[in-house]
$ cat work34.pdb   # PDB, C-alpha atoms
ATOM      1  CA  MET A   1      71.128 164.648  86.225
ATOM      2  CA  GLY A   2      70.818 168.426  86.529
ATOM      3  CA  ALA A   3      71.301 171.249  88.984
ATOM      4  CA  LYS A   4      70.300 170.484  92.550
ATOM      5  CA  HIS A   5      68.215 173.001  94.430
ATOM      6  CA  CYS A   6      67.887 173.890  98.081
ATOM      7  CA  PRO A   7      65.352 171.788 100.056
ATOM      8  CA  LYS A   8      62.613 174.404 100.265
ATOM      9  CA  SER A   9      62.956 175.889  96.784
ATOM     10  CA  TYR A  10      59.972 173.845  95.502
ATOM     11  CA  ARG A  11      57.622 175.926  97.629
ATOM     12  CA  ILE A  12      57.922 178.923  95.337
ATOM     13  CA  LEU A  13      55.865 177.135  92.640
ATOM     14  CA  PRO A  14      52.282 175.835  92.969
ATOM     15  CA  VAL A  15      51.787 172.086  93.218
ATOM     16  CA  PHE A  16      49.821 171.942  89.950
ATOM     17  CA  VAL A  17      52.890 173.217  88.011
ATOM     18  CA  PHE A  18      54.909 170.169  89.042
ATOM     19  CA  SER A  19      51.891 167.950  88.437
ATOM     20  CA  LEU A  20      51.673 169.156  84.847
ATOM     21  CA  LEU A  21      55.380 168.586  84.315
ATOM     22  CA  ILE A  22      55.165 164.992  85.498
ATOM     23  CA  ALA A  23      51.557 164.244  84.516
ATOM     24  CA  SER A  24      52.395 161.428  82.124
ATOM     25  CA  TYR A  25      54.335 159.508  84.786
ATOM     26  CA  ALA A  26      51.388 158.237  86.847
ATOM     27  CA  SER A  27      53.382 155.355  88.314
ATOM     28  CA  ALA A  28      56.395 157.428  89.379
ATOM     29  CA  ASP A  29      57.701 157.686  92.929
ATOM     30  CA  THR A  30      55.427 160.007  94.898
ATOM     31  CA  ILE A  31      56.461 162.255  97.803
ATOM     32  CA  TYR A  32      53.762 163.629 100.089
ATOM     33  CA  PHE A  33      54.854 166.677 102.083
ATOM     34  CA  LYS A  34      53.605 167.809 105.474
ATOM     35  CA  ASN A  35      52.451 171.080 103.897
ATOM     36  CA  LYS A  36      50.077 169.079 101.594
ATOM     37  CA  ASN A  37      52.241 169.459  98.478
ATOM     38  CA  VAL A  38      52.756 166.364  96.345
ATOM     39  CA  LEU A  39      55.575 165.677  93.856
ATOM     40  CA  GLU A  40      56.126 162.777  91.481
ATOM     41  CA  GLY A  41      59.364 161.673  89.889
ATOM     42  CA  VAL A  42      62.119 159.113  90.323
ATOM     43  CA  ILE A  43      63.994 158.955  93.606
ATOM     44  CA  GLU A  44      67.689 158.776  92.756
ATOM     45  CA  LYS A  45      69.105 158.778  96.285
ATOM     46  CA  GLU A  46      67.746 158.620  99.805
ATOM     47  CA  THR A  47      69.554 159.008 103.115
ATOM     48  CA  GLU A  48      68.389 159.338 106.705
ATOM     49  CA  LYS A  49      68.149 163.123 106.295
ATOM     50  CA  GLN A  50      67.218 163.839 102.683
ATOM     51  CA  VAL A  51      65.782 162.627  99.400
ATOM     52  CA  GLU A  52      66.916 163.429  95.860
ATOM     53  CA  LEU A  53      64.016 163.413  93.371
ATOM     54  CA  ASN A  54      64.548 163.532  89.605
ATOM     55  CA  LEU A  55      61.671 165.347  87.920
ATOM     56  CA  GLY A  56      62.802 164.649  84.384
ATOM     57  CA  PHE A  57      64.098 168.184  83.844
ATOM     58  CA  GLY A  58      66.361 168.311  86.881
ATOM     59  CA  THR A  59      66.947 166.951  90.369
ATOM     60  CA  MET A  60      65.685 168.520  93.603
ATOM     61  CA  VAL A  61      66.783 167.753  97.146
ATOM     62  CA  PHE A  62      64.290 167.654 100.023
ATOM     63  CA  SER A  63      64.741 167.278 103.757
ATOM     64  CA  LYS A  64      63.176 164.192 105.348
ATOM     65  CA  SER A  65      61.773 166.466 108.081
ATOM     66  CA  GLU A  66      59.466 168.039 105.500
ATOM     67  CA  ILE A  67      58.159 164.757 104.124
ATOM     68  CA  GLN A  68      55.065 162.992 105.454
ATOM     69  CA  LYS A  69      55.380 159.814 103.387
ATOM     70  CA  ILE A  70      56.851 158.335 100.197
ATOM     71  CA  GLU A  71      55.175 155.922  97.787
ATOM     72  CA  ARG A  72      57.574 154.107  95.497
ATOM     73  CA  ALA A  73      56.861 152.715  92.052
ATOM     74  CA  ASP A  74      58.015 149.194  91.287
ATOM     75  CA  ALA A  75      61.175 148.599  89.280
ATOM     76  CA  THR A  76      59.274 147.967  86.040
ATOM     77  CA  LYS A  77      57.375 151.242  86.257
ATOM     78  CA  THR A  78      60.537 153.140  87.176
ATOM     79  CA  GLN A  79      62.323 151.732  84.128
ATOM     80  CA  GLU A  80      59.383 152.768  81.952
ATOM     81  CA  ILE A  81      59.770 156.317  83.211
ATOM     82  CA  TRP A  82      63.508 156.326  82.521
ATOM     83  CA  ASN A  83      62.825 155.001  79.027
ATOM     84  CA  GLN A  84      60.241 157.698  78.396
ATOM     85  CA  TRP A  85      62.573 160.428  79.637
ATOM     86  CA  GLY A  86      65.326 159.010  77.434
ATOM     87  CA  GLN A  87      63.028 159.060  74.398
ATOM     88  CA  GLU A  88      62.007 162.637  75.130
ATOM     89  CA  LYS A  89      65.672 163.633  75.457
ATOM     90  CA  LYS A  90      66.414 161.957  72.115
ATOM     91  CA  GLU A  91      63.515 163.779  70.446
ATOM     92  CA  ARG A  92      64.702 167.098  71.879
ATOM     93  CA  LYS A  93      68.163 166.385  70.489
ATOM     94  CA  GLU A  94      66.703 165.632  67.070
ATOM     95  CA  ARG A  95      64.756 168.889  67.144
ATOM     96  CA  GLU A  96      67.811 170.972  67.988
ATOM     97  CA  PRO A  97      69.060 171.572  64.386
ATOM     98  CA  GLU A  98      65.634 172.778  63.238
ATOM     99  CA  GLU A  99      65.163 174.870  66.376
ATOM    100  CA  GLU A 100      68.641 176.351  65.901
ATOM    101  CA  LYS A 101      67.790 177.148  62.281
ATOM    102  CA  GLN A 102      64.580 178.839  63.385
ATOM    103  CA  ARG A 103      66.478 180.769  66.063
ATOM    104  CA  ILE A 104      68.982 182.027  63.479
ATOM    105  CA  GLU A 105      66.138 182.998  61.138
ATOM    106  CA  ARG A 106      64.398 184.896  63.959
ATOM    107  CA  GLU A 107      67.600 186.723  64.830
ATOM    108  CA  ALA A 108      68.166 187.585  61.146
ATOM    109  CA  ALA A 109      64.600 188.885  60.856
ATOM    110  CA  THR A 110      65.097 190.936  64.019
ATOM    111  CA  GLU A 111      68.354 192.352  62.635
ATOM    112  CA  ARG A 112      66.662 193.228  59.325
ATOM    113  CA  ALA A 113      63.869 194.978  61.191
ATOM    114  CA  ARG A 114      66.398 196.860  63.329
ATOM    115  CA  ALA A 115      68.399 197.913  60.257
ATOM    116  CA  ALA A 116      65.221 199.036  58.479
ATOM    117  CA  ASP A 117      64.198 201.036  61.544
ATOM    118  CA  GLU A 118      67.618 202.676  61.740
ATOM    119  CA  LYS A 119      67.433 203.516  58.023
ATOM    120  CA  ARG A 120      64.006 205.114  58.514
ATOM    121  CA  LYS A 121      65.432 207.156  61.361
ATOM    122  CA  ARG A 122      68.448 208.189  59.263
ATOM    123  CA  ASP A 123      66.219 209.078  56.328
ATOM    124  CA  ALA A 124      64.006 211.166  58.600
ATOM    125  CA  ASP A 125      67.059 212.813  60.126
ATOM    126  CA  GLU A 126      68.558 213.575  56.718
ATOM    127  CA  SER A 127      65.385 215.393  55.688
ATOM    128  CA  ILE A 128      65.855 217.921  58.507
ATOM    129  CA  PRO A 129      67.831 221.053  57.491
ATOM    130  CA  LYS A 130      71.257 221.135  59.120
ATOM    131  CA  ASP A 131      73.364 224.138  59.985
ATOM    132  CA  ILE A 132      77.054 223.392  59.420
ATOM    133  CA  GLU A 133      79.569 225.794  60.894
ATOM    134  CA  VAL A 134      82.274 226.970  58.469
ATOM    135  CA  ILE A 135      85.387 229.115  58.342
ATOM    136  CA  THR A 136      85.206 232.293  56.272
ATOM    137  CA  GLN A 137      88.304 233.924  54.786
ATOM    138  CA  ASN A 138      88.718 236.412  51.938
ATOM    139  CA  GLN A 139      85.130 235.888  50.727
ATOM    140  CA  ALA A 140      85.597 232.125  50.643
ATOM    141  CA  ILE A 141      83.700 229.552  52.709
ATOM    142  CA  ILE A 142      85.831 226.666  53.944
ATOM    143  CA  VAL A 143      84.251 223.453  55.196
ATOM    144  CA  ASN A 144      85.586 220.517  57.215
ATOM    145  CA  ALA A 145      85.223 217.328  55.146
ATOM    146  CA  LEU A 146      85.923 213.656  55.814
ATOM    147  CA  ILE A 147      86.491 211.726  52.578
ATOM    148  CA  ASN A 148      85.984 207.945  52.378
ATOM    149  CA  GLY A 149      86.276 207.784  56.152
ATOM    150  CA  LYS A 150      90.058 208.309  55.797
ATOM    151  CA  ALA A 151      91.105 211.844  54.888
ATOM    152  CA  ARG A 152      90.053 214.877  56.950
ATOM    153  CA  VAL A 153      90.505 217.962  54.735
ATOM    154  CA  ASN A 154      89.539 221.628  54.332
ATOM    155  CA  LEU A 155      87.591 222.313  51.137
ATOM    156  CA  ILE A 156      86.435 225.605  49.654
ATOM    157  CA  LEU A 157      82.718 225.570  48.898
ATOM    158  CA  ASP A 158      82.499 226.441  45.203
ATOM    159  CA  SER A 159      79.158 226.112  43.403
ATOM    160  CA  GLY A 160      80.941 227.108  40.197
ATOM    161  CA  ALA A 161      83.013 223.927  40.157
ATOM    162  CA  GLY A 162      81.411 221.008  38.372
ATOM    163  CA  ASN A 163      83.127 218.311  40.390
ATOM    164  CA  VAL A 164      84.717 218.078  43.768
ATOM    165  CA  THR A 165      88.379 218.881  43.057
ATOM    166  CA  LEU A 166      91.196 217.577  45.254
ATOM    167  CA  ASN A 167      94.922 218.231  45.513
ATOM    168  CA  LYS A 168      97.317 215.361  44.930
ATOM    169  CA  SER A 169      98.134 215.334  48.650
ATOM    170  CA  VAL A 170      94.564 214.181  49.358
ATOM    171  CA  ALA A 171      94.947 211.312  46.896
ATOM    172  CA  ASP A 172      97.985 210.215  48.881
ATOM    173  CA  LYS A 173      95.924 210.258  52.094
ATOM    174  CA  LEU A 174      93.213 208.204  50.410
ATOM    175  CA  GLY A 175      95.684 205.714  48.973
ATOM    176  CA  LEU A 176      94.568 206.358  45.387
ATOM    177  CA  ASP A 177      96.754 205.110  42.576
ATOM    178  CA  LEU A 178      96.406 208.015  40.154
ATOM    179  CA  GLU A 179      98.284 206.159  37.409
ATOM    180  CA  THR A 180      95.452 203.648  37.050
ATOM    181  CA  LEU A 181      92.610 206.216  36.953
ATOM    182  CA  PRO A 182      91.171 207.757  33.757
ATOM    183  CA  LYS A 183      92.570 211.220  33.010
ATOM    184  CA  SER A 184      91.067 214.522  31.917
ATOM    185  CA  SER A 185      92.091 218.193  32.053
ATOM    186  CA  SER A 186      90.928 221.120  34.146
ATOM    187  CA  ILE A 187      91.672 224.840  34.299
ATOM    188  CA  VAL A 188      93.019 225.935  37.689
ATOM    189  CA  ALA A 189      92.774 229.367  39.256
ATOM    190  CA  ASP A 190      95.804 230.902  37.582
ATOM    191  CA  GLY A 191      94.491 229.921  34.139
ATOM    192  CA  ARG A 192      96.758 226.936  33.639
ATOM    193  CA  THR A 193      95.395 223.684  32.279
ATOM    194  CA  ALA A 194      96.179 220.852  34.657
ATOM    195  CA  GLU A 195      95.825 217.101  34.290
ATOM    196  CA  VAL A 196      93.323 215.498  36.652
ATOM    197  CA  ALA A 197      92.467 211.910  37.454
ATOM    198  CA  MET A 198      88.763 211.051  37.584
ATOM    199  CA  VAL A 199      87.480 209.064  40.556
ATOM    200  CA  THR A 200      84.223 208.341  42.351
ATOM    201  CA  LEU A 201      84.496 208.856  46.110
ATOM    202  CA  SER A 202      82.443 206.471  48.212
ATOM    203  CA  GLU A 203      81.501 209.145  50.730
ATOM    204  CA  ILE A 204      82.027 212.781  51.661
ATOM    205  CA  ARG A 205      80.974 213.815  55.154
ATOM    206  CA  ILE A 206      80.715 217.527  56.015
ATOM    207  CA  GLN A 207      80.955 218.517  59.689
ATOM    208  CA  ASN A 208      81.724 221.472  61.902
ATOM    209  CA  PRO A 209      85.284 222.761  62.256
ATOM    210  CA  GLY A 210      87.043 221.060  65.145
ATOM    211  CA  VAL A 211      85.926 217.504  64.338
ATOM    212  CA  VAL A 212      89.235 215.826  63.603
ATOM    213  CA  ASP A 213      88.981 212.067  64.170
ATOM    214  CA  ALA A 214      88.374 209.821  61.180
ATOM    215  CA  GLU A 215      85.341 208.211  62.799
ATOM    216  CA  GLY A 216      83.778 211.498  63.911
ATOM    217  CA  GLN A 217      80.014 211.161  64.289
ATOM    218  CA  THR A 218      79.456 214.470  66.048
ATOM    219  CA  PRO A 219      76.225 216.024  64.752
ATOM    220  CA  PRO A 220      75.322 217.812  62.659
ATOM    221  CA  VAL A 221      76.548 215.770  59.703
ATOM    222  CA  VAL A 222      75.813 216.188  55.985
ATOM    223  CA  THR A 223      76.712 213.163  53.872
ATOM    224  CA  ALA A 224      76.671 212.191  50.201
ATOM    225  CA  GLN A 225      77.756 208.897  48.642
ATOM    226  CA  ASN A 226      79.285 208.078  45.259
ATOM    227  CA  VAL A 227      80.573 211.591  44.561
ATOM    228  CA  LYS A 228      82.496 212.242  41.339
ATOM    229  CA  ALA A 229      85.805 214.027  41.876
ATOM    230  CA  SER A 230      88.787 215.344  39.927
ATOM    231  CA  VAL A 231      92.212 214.835  41.492
ATOM    232  CA  LEU A 232      95.169 216.944  40.372
ATOM    233  CA  THR A 233      97.962 214.613  39.312
ATOM    234  CA  GLN A 234     100.639 217.243  40.050
ATOM    235  CA  GLY A 235     101.204 219.085  43.320
ATOM    236  CA  VAL A 236      99.664 222.569  43.554
ATOM    237  CA  GLU A 237     100.075 224.960  46.487
ATOM    238  CA  ALA A 238      96.332 225.492  46.781
ATOM    239  CA  VAL A 239      93.236 224.991  44.689
ATOM    240  CA  ILE A 240      91.604 228.428  44.536
ATOM    241  CA  PRO A 241      88.426 229.403  42.698
ATOM    242  CA  PRO A 242      88.721 232.348  40.258
ATOM    243  CA  GLY A 243      88.399 235.680  42.071
ATOM    244  CA  GLY A 244      89.128 234.018  45.392
ATOM    245  CA  GLY A 245      91.673 236.647  46.425
ATOM    246  CA  GLY A 246      94.925 234.682  46.414
ATOM    247  CA  VAL A 247      96.449 232.049  48.631
ATOM    248  CA  ARG A 248      94.795 232.022  52.070
ATOM    249  CA  PRO A 249      96.434 231.660  55.494
ATOM    250  CA  LEU A 250      94.409 228.462  56.044
ATOM    251  CA  ALA A 251      95.696 225.739  53.747
ATOM    252  CA  THR A 252      92.929 224.229  51.662
ATOM    253  CA  GLU A 253      93.057 220.935  49.854
ATOM    254  CA  GLY A 254      90.397 221.271  47.219
ATOM    255  CA  LEU A 255      86.989 222.515  46.145
ATOM    256  CA  LEU A 256      83.592 221.238  47.269
ATOM    257  CA  GLY A 257      81.897 221.397  43.884
ATOM    258  CA  MET A 258      78.475 220.564  42.454
ATOM    259  CA  SER A 259      79.014 216.804  42.273
ATOM    260  CA  PHE A 260      78.488 217.003  46.056
ATOM    261  CA  LEU A 261      76.343 220.118  46.331
ATOM    262  CA  LYS A 262      73.747 218.954  43.768
ATOM    263  CA  ASN A 263      72.396 216.563  46.419
ATOM    264  CA  PHE A 264      71.277 219.473  48.577
ATOM    265  CA  ILE A 265      69.495 222.756  48.707
ATOM    266  CA  PHE A 266      71.967 224.941  50.566
ATOM    267  CA  HIS A 267      72.027 228.484  51.890
ATOM    268  CA  THR A 268      75.286 230.206  52.793
ATOM    269  CA  ASP A 269      75.371 232.677  55.663
ATOM    270  CA  TYR A 270      78.784 234.323  55.469
ATOM    271  CA  GLU A 271      78.123 236.728  58.340
ATOM    272  CA  ASN A 272      77.142 233.986  60.798
ATOM    273  CA  LYS A 273      79.708 231.553  59.403
ATOM    274  CA  LYS A 274      77.345 228.714  58.576
ATOM    275  CA  VAL A 275      75.813 226.868  55.644
ATOM    276  CA  THR A 276      72.328 225.337  55.924
ATOM    277  CA  PHE A 277      71.908 222.077  53.983
ATOM    278  CA  SER A 278      68.580 220.439  53.135
ATOM    279  CA  VAL A 279      68.264 217.255  51.084
ATOM    280  CA  SER A 280      66.971 218.157  47.629
ATOM    281  CA  GLN A 281      63.641 216.721  46.458
ATOM    282  CA  ASP A 282      65.446 214.553  43.914
ATOM    283  CA  ASN A 283      67.336 212.859  46.752
ATOM    284  CA  GLN A 284      64.494 212.442  49.246
ATOM    285  CA  PRO A 285      64.034 208.817  50.389
TER     286      PRO A 285
END
$ encode --input "work34.pdb" --output "structure tokens"
Amino acid sequence: MGAKHCPKSYRILPVFVFSLLIASYASADTIYFKNKNVLEGVIEKETEKQVELNLGFGTMVFSKSEIQKIERADATKTQEIWNQWGQEKKERKEREPEEEKQRIEREAATERARAADEKRKRDADESIPKDIEVITQNQAIIVNALINGKARVNLILDSGAGNVTLNKSVADKLGLDLETLPKSSSIVADGRTAEVAMVTLSEIRIQNPGVVDAEGQTPPVVTAQNVKASVLTQGVEAVIPPGGGGVRPLATEGLLGMSFLKNFIFHTDYENKKVTFSVSQDNQP
């Protein structure tokens, strides 16, 4: 009928608490204790040393040495109590689906509130200028980028490039099927016209050099979603902006162009090897 408790555990609650719990069972079995406490319920079992009393919500065990006297209800009254407890149990069971529905709704509302709070925090965090460390070589600024959460690449920051431009090797890392993407043409550094596939990248995440894992969350982080990009359909040794000074010792895999940079106000500090990004007014939450 429920968990059984140690004989003296009832003493931790005032008598009136138990009286309220059993108030509607005026004709129940009544136990009077030597310490003046009184409990009402249905006695399920009695031996020479102890008594088991069902309170409707569970059974408690008491030592006979603690009891002054016991008043028992007659069989009819006891059956009435069992019937009432049974009806209450049935009603609780009937309420369970609605209560479960309400519980799920409360949890969903709590989750929505938590998500909204996290978004507010992210929006506030994104409005704070961030200093991103970079690598500088031959007058070029090279940033560490994570694309679509899959490909970690080095990109040359190039405000003269309209779109983010990626080598074919990056498309392979991203699992892009270039054959199915719309095509256009672009002029590469040596003046050649190259075919490019047009794609929208779900996310580009810019972080400090040294962050290498695909799930890297190490701050600071600068992120933009739904970024248009051009992907070279043929392999090229390196994508280099005009006047960049030739192929660099550090292999680069594309250009970080204005399709990403337009989301920010940015200041390059070549001497201190950093770029400061602030969300532009057009992209403020």
$ resolve_selection --input "work34.pdb" --expression "the PyMOL selection byres ((chain A and resi 229) around 10)" --output "VMD selection string"
chain A and resid 162 to 166 196 to 201 226 to 228 230 to 232 255 to 260
$ resolve_selection --input "work34.pdb" --expression "the PyMOL selection byres ((chain A and resi 50) around 7)" --output "PyMOL selection string"
chain A and resi 46-49+51-52+61-64
$ atom_distance --input "work34.pdb" --atom1 "atom CA of A:Lys90" --atom2 "atom CA of A:Arg103"
19.8 Å
$ closest_residue --input "work34.pdb" --among "A:Ile187, A:Ile147, A:Glu91, A:Asn154" --to "A:Lys173" --atoms "all atoms listed in the file"
A:Ile147
$ residues_near_point --input "work34.pdb" --point "(74.7, 215.1, 52.2)" --cutoff "7 Å" --atoms "only C-alpha atoms" --output "ChimeraX atom specification"
/A:222-224,263-264,279
$ build_atoms --input "work34.pdb" --residues "stretch 165-176 of chain A" --atoms "N, CA and C atoms" --output "mmCIF file, in the coordinates of the input"
data_model
loop_
_atom_site.group_PDB
_atom_site.id
_atom_site.type_symbol
_atom_site.label_atom_id
_atom_site.label_comp_id
_atom_site.auth_asym_id
_atom_site.auth_seq_id
_atom_site.Cartn_x
_atom_site.Cartn_y
_atom_site.Cartn_z
ATOM 1 N N THR A 165 87.003 218.889 43.559
ATOM 2 C CA THR A 165 88.379 218.881 43.057
ATOM 3 C C THR A 165 89.331 218.759 44.237
ATOM 4 N N LEU A 166 90.291 217.846 44.141
ATOM 5 C CA LEU A 166 91.196 217.577 45.254
ATOM 6 C C LEU A 166 92.647 217.716 44.822
ATOM 7 N N ASN A 167 93.480 218.199 45.749
ATOM 8 C CA ASN A 167 94.922 218.231 45.513
ATOM 9 C C ASN A 167 95.491 216.815 45.533
ATOM 10 N N LYS A 168 96.654 216.662 44.947
ATOM 11 C CA LYS A 168 97.317 215.361 44.930
ATOM 12 C C LYS A 168 97.602 214.851 46.340
ATOM 13 N N SER A 169 97.845 215.756 47.271
ATOM 14 C CA SER A 169 98.134 215.334 48.650
ATOM 15 C C SER A 169 96.964 214.565 49.254
ATOM 16 N N VAL A 170 95.731 214.905 48.847
ATOM 17 C CA VAL A 170 94.564 214.181 49.358
ATOM 18 C C VAL A 170 94.525 212.767 48.783
ATOM 19 N N ALA A 171 94.897 212.641 47.505
ATOM 20 C CA ALA A 171 94.947 211.312 46.896
ATOM 21 C C ALA A 171 95.911 210.415 47.655
ATOM 22 N N ASP A 172 97.023 210.992 48.101
ATOM 23 C CA ASP A 172 97.985 210.215 48.881
ATOM 24 C C ASP A 172 97.372 209.746 50.191
ATOM 25 N N LYS A 173 96.584 210.630 50.838
ATOM 26 C CA LYS A 173 95.924 210.258 52.094
ATOM 27 C C LYS A 173 94.900 209.150 51.872
ATOM 28 N N LEU A 174 94.249 209.192 50.717
ATOM 29 C CA LEU A 174 93.213 208.204 50.410
ATOM 30 C C LEU A 174 93.788 206.900 49.867
ATOM 31 N N GLY A 175 95.067 206.911 49.542
ATOM 32 C CA GLY A 175 95.684 205.714 48.973
ATOM 33 C C GLY A 175 95.279 205.456 47.543
ATOM 34 N N LEU A 176 94.973 206.518 46.780
ATOM 35 C CA LEU A 176 94.568 206.358 45.387
ATOM 36 C C LEU A 176 95.789 206.201 44.489
#
